[in-house]
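S.K.: Just one file: structure_24.cif, with mmCIF, C-alpha atoms and all ligand atoms.
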data_data
loop_
_atom_site.label_atom_id
_atom_site.label_comp_id
_atom_site.auth_asym_id
_atom_site.auth_seq_id
_atom_site.Cartn_x
_atom_site.Cartn_y
_atom_site.Cartn_z
CA MET A 1 95.97 71.91 -41.84
CA PRO A 2 99.07 73.73 -40.56
CA ASP A 3 98.83 77.52 -40.56
CA SER A 4 101.19 78.57 -43.36
CA ASN A 5 101.93 81.85 -41.55
CA LEU A 6 103.46 80.04 -38.61
CA PRO A 7 107.10 78.96 -38.59
CA GLN A 8 107.49 75.20 -38.85
CA LEU A 9 109.00 73.00 -36.19
CA GLU A 10 112.28 71.99 -37.77
CA GLN A 11 114.09 70.04 -35.08
CA LEU A 12 113.36 68.43 -31.72
CA ASP A 13 116.26 67.48 -29.45
CA VAL A 14 115.44 65.17 -26.55
CA THR A 15 117.82 64.84 -23.58
CA VAL A 16 116.95 62.28 -20.91
CA ILE A 17 117.51 64.11 -17.62
CA ILE A 18 116.09 61.29 -15.46
CA THR A 19 114.88 57.78 -16.09
CA ASN A 20 115.13 54.57 -14.08
CA ARG A 21 118.58 53.57 -15.36
CA THR A 22 121.85 55.20 -16.20
CA ARG A 23 124.74 54.07 -18.38
CA HIS A 24 127.85 52.57 -16.78
CA GLY A 25 130.29 55.30 -15.70
CA SER A 26 127.83 58.16 -16.19
CA PRO A 27 128.14 61.04 -13.69
CA LEU A 28 124.34 61.34 -13.79
CA TRP A 29 122.09 59.78 -11.16
CA SER A 30 118.94 57.75 -11.78
CA GLU A 31 115.77 56.97 -9.85
CA HIS A 32 112.26 55.66 -10.49
CA GLY A 33 111.06 58.79 -12.27
CA LEU A 34 111.08 60.66 -15.54
CA ALA A 35 112.32 64.05 -16.71
CA LEU A 36 113.13 64.91 -20.34
CA LEU A 37 114.54 68.14 -21.73
CA LEU A 38 112.93 69.03 -25.06
CA ASP A 39 114.67 71.64 -27.21
CA CYS A 40 112.45 72.81 -30.05
CA HIS A 41 113.85 74.70 -33.04
CA TRP A 42 111.76 76.43 -35.72
CA THR A 43 112.36 77.51 -39.30
CA ASP A 44 112.49 81.18 -38.18
CA ARG A 45 115.49 80.25 -35.96
CA ARG A 46 113.54 80.61 -32.74
CA SER A 47 114.10 77.99 -30.05
CA ARG A 48 112.21 77.01 -26.91
CA ARG A 49 113.23 74.75 -24.05
CA ILE A 50 110.64 72.56 -22.31
CA LEU A 51 111.15 70.34 -19.28
CA PHE A 52 108.81 67.36 -19.65
CA ASP A 53 108.21 66.11 -16.07
CA THR A 54 110.55 66.69 -13.15
CA GLY A 55 111.52 63.26 -11.80
CA ALA A 56 110.85 62.12 -8.24
CA SER A 57 113.23 64.28 -6.22
CA GLY A 58 114.54 67.82 -6.37
CA ASP A 59 118.09 66.89 -5.32
CA LEU A 60 118.47 64.40 -8.13
CA LEU A 61 116.93 66.75 -10.71
CA GLN A 62 119.26 69.55 -9.63
CA HIS A 63 122.32 67.31 -9.74
CA ASN A 64 121.55 66.07 -13.25
CA LEU A 65 120.60 69.53 -14.59
CA GLU A 66 123.83 71.01 -13.18
CA THR A 67 125.92 68.15 -14.56
CA LEU A 68 124.36 68.73 -17.99
CA GLN A 69 124.79 72.50 -17.56
CA VAL A 70 121.09 73.22 -17.86
CA SER A 71 119.71 76.11 -15.81
CA PRO A 72 116.03 76.25 -14.74
CA GLY A 73 116.31 79.92 -15.77
CA ASP A 74 116.58 78.77 -19.40
CA LEU A 75 113.26 76.89 -19.36
CA ASP A 76 110.29 78.31 -21.25
CA ALA A 77 107.81 75.72 -20.00
CA VAL A 78 107.49 72.78 -17.64
CA PHE A 79 104.97 70.22 -18.86
CA LEU A 80 103.63 67.75 -16.28
CA SER A 81 102.33 64.57 -17.92
CA HIS A 82 100.33 63.71 -14.75
CA GLY A 83 100.52 64.27 -11.01
CA HIS A 84 102.31 61.16 -9.73
CA LEU A 85 105.28 61.96 -7.54
CA ASP A 86 107.80 60.22 -9.80
CA HIS A 87 107.00 62.99 -12.36
CA THR A 88 106.31 65.97 -10.10
CA GLY A 89 108.66 65.40 -7.13
CA GLY A 90 111.31 67.75 -8.58
CA LEU A 91 108.89 70.57 -9.42
CA SER A 92 109.52 72.58 -6.25
CA SER A 93 113.27 72.62 -6.87
CA VAL A 94 112.88 74.29 -10.29
CA LEU A 95 110.20 76.65 -8.96
CA ASP A 96 112.72 77.68 -6.29
CA TYR A 97 115.18 78.93 -8.89
CA HIS A 98 115.14 82.71 -8.55
CA GLU A 99 115.33 83.56 -12.26
CA ALA A 100 112.79 80.98 -13.39
CA GLU A 101 109.92 82.41 -15.41
CA PHE A 102 108.65 79.27 -17.14
CA MET A 103 104.98 78.41 -17.63
CA VAL A 104 103.67 75.21 -16.03
CA VAL A 105 101.33 73.22 -18.30
CA ALA A 106 99.18 70.35 -17.01
CA HIS A 107 95.67 68.89 -16.89
CA PRO A 108 93.15 70.48 -14.47
CA GLU A 109 92.69 67.13 -12.66
CA ILE A 110 96.40 67.07 -11.73
CA THR A 111 95.75 68.66 -8.35
CA ARG A 112 93.44 65.88 -7.10
CA GLU A 113 94.83 63.68 -4.33
CA ALA A 114 96.01 60.33 -5.74
CA VAL A 115 96.37 57.39 -3.36
CA THR A 116 97.50 53.81 -3.92
CA THR A 117 96.76 50.70 -1.90
CA ARG A 118 99.00 48.43 -4.00
CA ASP A 119 101.86 47.94 -1.51
CA SER A 120 100.51 49.92 1.40
CA LEU A 121 98.18 52.88 1.66
CA GLN A 122 100.14 55.92 0.53
CA ARG A 123 99.74 59.21 -1.24
CA ILE A 124 101.33 59.29 -4.71
CA SER A 125 100.66 62.91 -5.63
CA PRO A 126 102.03 66.17 -4.23
CA GLY A 127 99.79 68.09 -1.87
CA HIS A 128 98.45 71.60 -2.27
CA GLU A 129 101.63 72.95 -0.69
CA THR A 130 103.31 72.22 -4.08
CA TRP A 131 100.51 73.38 -6.38
CA ASP A 132 100.01 76.58 -4.39
CA ARG A 133 103.62 77.55 -5.09
CA ILE A 134 102.96 77.96 -8.83
CA PRO A 135 102.00 81.60 -9.51
CA SER A 136 98.53 81.57 -11.11
CA SER A 137 99.84 83.79 -13.91
CA ARG A 138 102.26 81.03 -14.90
CA LEU A 139 99.90 78.04 -14.72
CA ILE A 140 98.08 76.74 -17.81
CA LEU A 141 95.59 73.92 -17.25
CA LEU A 142 94.28 72.15 -20.36
CA ARG A 143 91.62 69.49 -20.79
CA GLU A 144 91.38 69.75 -24.59
CA PRO A 145 94.16 69.41 -27.18
CA ALA A 146 96.06 72.67 -27.54
CA GLN A 147 98.98 73.95 -29.60
CA ILE A 148 101.28 75.68 -27.11
CA PHE A 149 104.00 76.58 -29.65
CA PRO A 150 103.88 76.14 -33.46
CA GLY A 151 103.71 72.39 -34.10
CA VAL A 152 103.95 71.60 -30.38
CA TRP A 153 100.73 70.16 -28.96
CA VAL A 154 99.44 69.04 -25.60
CA SER A 155 97.11 66.07 -26.05
CA GLY A 156 94.38 67.03 -23.59
CA SER A 157 92.46 64.14 -21.97
CA ILE A 158 93.13 60.83 -23.70
CA PRO A 159 89.99 58.76 -24.46
CA ARG A 160 90.13 55.14 -23.25
CA LYS A 161 89.12 53.10 -26.31
CA THR A 162 90.97 49.78 -26.32
CA PRO A 163 89.45 46.94 -24.27
CA PHE A 164 92.82 45.80 -22.90
CA GLU A 165 94.16 49.14 -21.54
CA LYS A 166 92.17 49.10 -18.31
CA PRO A 167 92.61 51.32 -15.25
CA ARG A 168 95.10 50.01 -12.71
CA GLU A 169 93.94 48.14 -9.63
CA GLY A 170 94.45 49.73 -6.22
CA GLN A 171 94.41 53.34 -7.34
CA PHE A 172 92.14 55.87 -5.77
CA THR A 173 91.51 59.54 -5.39
CA LEU A 174 90.70 61.11 -2.06
CA GLU A 175 87.56 63.23 -1.95
CA ASP A 176 86.32 64.59 1.38
CA GLY A 177 88.31 61.86 3.10
CA CYS A 178 86.74 59.04 1.00
CA LEU A 179 88.65 56.78 -1.37
CA LEU A 180 87.08 56.75 -4.84
CA PRO A 181 88.36 54.66 -7.81
CA ASP A 182 90.76 56.64 -9.98
CA ASN A 183 91.83 56.08 -13.59
CA ASP A 184 94.48 58.80 -13.99
CA PRO A 185 92.21 61.34 -15.77
CA ASP A 186 95.09 63.84 -15.82
CA ASP A 187 97.34 61.66 -18.00
CA MET A 188 98.45 63.65 -21.07
CA ALA A 189 101.11 63.39 -23.78
CA MET A 190 102.96 65.96 -25.88
CA LEU A 191 102.79 65.74 -29.66
CA PHE A 192 105.35 67.27 -32.03
CA ASP A 193 104.38 67.86 -35.64
CA ILE A 194 107.67 67.56 -37.41
CA GLY A 195 106.18 67.14 -40.90
CA PRO A 196 107.13 64.17 -43.06
CA ALA A 197 109.37 62.87 -40.25
CA GLY A 198 106.08 61.94 -38.54
CA PRO A 199 104.50 62.99 -35.28
CA VAL A 200 106.69 62.45 -32.22
CA VAL A 201 104.48 61.44 -29.29
CA ILE A 202 106.05 61.78 -25.82
CA THR A 203 104.38 60.17 -22.82
CA GLY A 204 105.08 60.20 -19.09
CA CYS A 205 103.65 56.86 -17.93
CA SER A 206 100.99 56.18 -20.63
CA HIS A 207 98.42 55.45 -17.91
CA ALA A 208 95.75 55.95 -20.59
CA GLY A 209 97.49 53.14 -22.51
CA ALA A 210 100.22 53.42 -25.12
CA VAL A 211 97.84 52.37 -27.91
CA ASN A 212 95.10 54.75 -26.75
CA THR A 213 97.70 57.54 -26.64
CA LEU A 214 98.81 56.96 -30.24
CA LEU A 215 95.19 56.58 -31.43
CA HIS A 216 94.35 59.92 -29.81
CA ALA A 217 97.52 61.59 -31.16
CA ARG A 218 96.35 60.72 -34.67
CA THR A 219 93.10 62.60 -34.11
CA VAL A 220 94.97 65.71 -32.89
CA ILE A 221 97.68 65.96 -35.55
CA ASP A 222 96.90 63.75 -38.51
CA THR A 223 100.00 64.02 -40.68
CA GLY A 224 99.38 60.64 -42.31
CA GLN A 225 102.92 59.67 -41.28
CA ARG A 226 104.13 56.88 -39.04
CA PRO A 227 104.38 58.05 -35.41
CA THR A 228 107.36 57.85 -33.08
CA LEU A 229 106.62 56.95 -29.46
CA VAL A 230 108.95 58.11 -26.66
CA GLY A 231 108.50 57.71 -22.89
CA GLY A 232 107.17 55.51 -20.11
CA LEU A 233 104.75 52.84 -21.28
CA HIS A 234 103.80 51.57 -17.81
CA LEU A 235 103.87 47.88 -18.63
CA ILE A 236 105.70 46.91 -15.42
CA GLY A 237 103.62 44.11 -13.94
CA ALA A 238 101.29 43.95 -16.97
CA ASP A 239 99.66 40.55 -17.47
CA GLU A 240 100.32 38.54 -20.61
CA ASN A 241 97.10 39.65 -22.31
CA ARG A 242 97.79 43.34 -21.74
CA LEU A 243 101.38 42.99 -22.90
CA GLU A 244 100.60 40.97 -26.03
CA SER A 245 97.62 43.15 -26.95
CA THR A 246 99.70 46.32 -26.49
CA VAL A 247 102.53 45.01 -28.66
CA GLN A 248 100.00 43.93 -31.31
CA GLY A 249 98.16 47.28 -31.08
CA LEU A 250 101.43 49.17 -31.52
CA HIS A 251 102.36 46.91 -34.45
CA GLU A 252 99.08 47.82 -36.20
CA LEU A 253 99.86 51.52 -35.75
CA ASN A 254 103.19 50.85 -37.47
CA PRO A 255 105.41 53.26 -35.49
CA ALA A 256 108.59 54.51 -37.12
CA GLN A 257 110.37 54.22 -33.77
CA ILE A 258 109.67 53.26 -30.14
CA ARG A 259 111.93 54.68 -27.42
CA PRO A 260 110.72 53.36 -24.07
CA GLY A 261 112.04 54.06 -20.61
CA HIS A 262 110.94 54.75 -17.03
CA CYS A 263 108.00 52.44 -16.12
CA THR A 264 107.99 50.33 -19.30
CA GLY A 265 109.62 47.34 -17.58
CA GLU A 266 112.21 44.83 -18.76
CA THR A 267 109.69 42.16 -19.75
CA ALA A 268 107.84 44.63 -21.96
CA GLU A 269 111.07 45.94 -23.47
CA GLY A 270 111.99 42.33 -24.29
CA ALA A 271 108.65 41.85 -26.07
CA LEU A 272 109.04 45.17 -27.92
CA GLU A 273 112.58 44.25 -28.96
CA GLU A 274 111.33 40.95 -30.35
CA ARG A 275 108.58 42.57 -32.42
CA PHE A 276 110.20 45.88 -33.44
CA ALA A 277 113.94 45.06 -33.41
CA ASP A 278 115.68 47.95 -35.23
CA ARG A 279 112.82 50.39 -34.47
CA HIS A 280 113.09 49.82 -30.69
CA HIS A 281 115.62 51.89 -28.71
CA PRO A 282 115.20 51.93 -24.90
CA PHE A 283 116.67 55.08 -23.34
CA SER A 284 118.88 55.71 -20.31
CA THR A 285 119.60 58.82 -18.24
CA GLY A 286 121.86 61.17 -20.22
CA ASP A 287 120.87 59.88 -23.69
CA ARG A 288 120.25 62.47 -26.37
CA PHE A 289 118.38 61.97 -29.63
CA THR A 290 117.14 64.31 -32.34
CA TYR A 291 114.23 64.39 -34.79
CA HIS A 292 114.55 66.53 -37.94
CA ARG A 293 111.92 67.73 -40.36
CA ILE A 294 112.75 66.03 -43.65
CA ARG A 295 112.63 68.47 -46.54
FE FE B 1 105.79 57.11 -13.63
FE FE B 2 102.45 57.52 -13.17
#
Please express what this file holds, its structure, as structure tokens.
M.R.:
Amino acid sequence: MPDSNLPQLEQLDVTVIITNRTRHGSPLWSEHGLALLLDCHWTDRRSRRILFDTGASGDLLQHNLETLQVSPGDLDAVFLSHGHLDHTGGLSSVLDYHEAEFMVVAHPEITREAVTTRDSLQRISPGHETWDRIPSSRLILLREPAQIFPGVWVSGSIPRKTPFEKPREGQFTLEDGCLLPDNDPDDMAMLFDIGPAGPVVITGCSHAGAVNTLLHARTVIDTGQRPTLVGGLHLIGADENRLESTVQGLHELNPAQIRPGHCTGETAEGALEERFADRHHPFSTGDRFTYHRIR
């Protein structure tokens, strides 16, 4: 039950700072990465600004933030959905900003070394040189669900329940120089309890699975309302079974809206469009959309 003494989250504004595509003629740049600006507004007129992931490169993040007239000094928190470089590559550039005082929120496993062998052997997570730059007083690591502002939740670890959302092939973590299988244990989502408008669930890559993420969100904030899903659904390269089962699983959860981007993939967006039609709105760099509490 919501604490009646707390102000209620009244409005959530989402601005797409970086995703894999941009609209024709936009002054913004795009890359394979994700960064979203989340402006939260409460009934007591307070506001907080959260950067959800930082894209793949500092130069691109800085260019897009400047073009949109957003200063890192205005951020209250940077949430990292997981450690992959396409979400954390811009972190150093915002940490560099001299007036920045934001908190960094992530899963404790985010600092492990992630390695892929899919195309060639390469590291896909930042090294300790990046993590060590975050002052310990500004770092919050969470394994369990936690409310970081009224109505604003971090999912904690996402249980893997569905049989079709399996760990990806060719992904490893490096421990004492040895490659060990890795299933993205640091993958987390943010959940926004915006009352009767339904929970808004924002994901980075959904490595835990889009259906698993929504199933878990329901256990953290059970508003009884239809959820909205925003973010990367990582269905690029998914086989037919995974794709069909995901679309069916999402259909059973009856989302009010699906806004995919980043690593969702064109084939998956085509399948989502076919099944969800007017509830499906893929996003591009520079897009803005708002969720309001319905009174
Ligand atoms: Fe990604
Ligand atoms: Fe990822």
S.K.: Rounded to one decimal place, report the atom CA of A:His32-atom CA of A:Val200 distance in Å.
M.R.: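 Result for atom CA of A:His32 versus atom CA of A:Val200: 23.4 Å, one decimal.
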S.K.: Need the shell around A:Ile221: protein/DNA/RNA residues with any atom at most 8 Å away, counting only C-alpha atoms. Skip same-chain ones fewer than 4 positions apart. Format as an MDAnalysis selection string?
M.R.: chainID A and resid 191 193 199 217
S.K.: Could those residues be written to a file, using C-alpha atoms, as a compact mmCIF listing (two decimals), keeping the file's coordinate frame?
M.R.:
# COMPACT_ATOMS: atom_id res chain seq x y z
CA LEU A 191 102.79 65.74 -29.66
CA ASP A 193 104.38 67.86 -35.64
CA PRO A 199 104.50 62.99 -35.28
CA ALA A 217 97.52 61.59 -31.16
S.K.: In Å, how far is it from atom CA of A:Gln11 to atom CA of A:Leu139?
M.R.: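 Pair atom CA of A:Gln11 / atom CA of A:Leu139 returns 26.1 Å.
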S.K.: Taking (98.5, 64.6, -18.8) in the file's coordinates as the center, which residues reach within 8 Å of it, counting all atoms listed in the file, put as a list in words?
M.R.: Leu80, Ser81, His82, Ala106, His107, Ile110, Ser155, Gly156, Ser157, Pro185, Asp186, Asp187, Met188, Ala189 and Gly204 of chain A
S.K.: Which residue out of A:Ser206, A:Thr223, A:Thr111, A:Thr173 has the minimum interatomic distance to ligand FE 1 (chain B) when all atoms listed in the file are used?
M.R.: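 Answer, going by the shortest atom-to-atom distance: A:Ser206.
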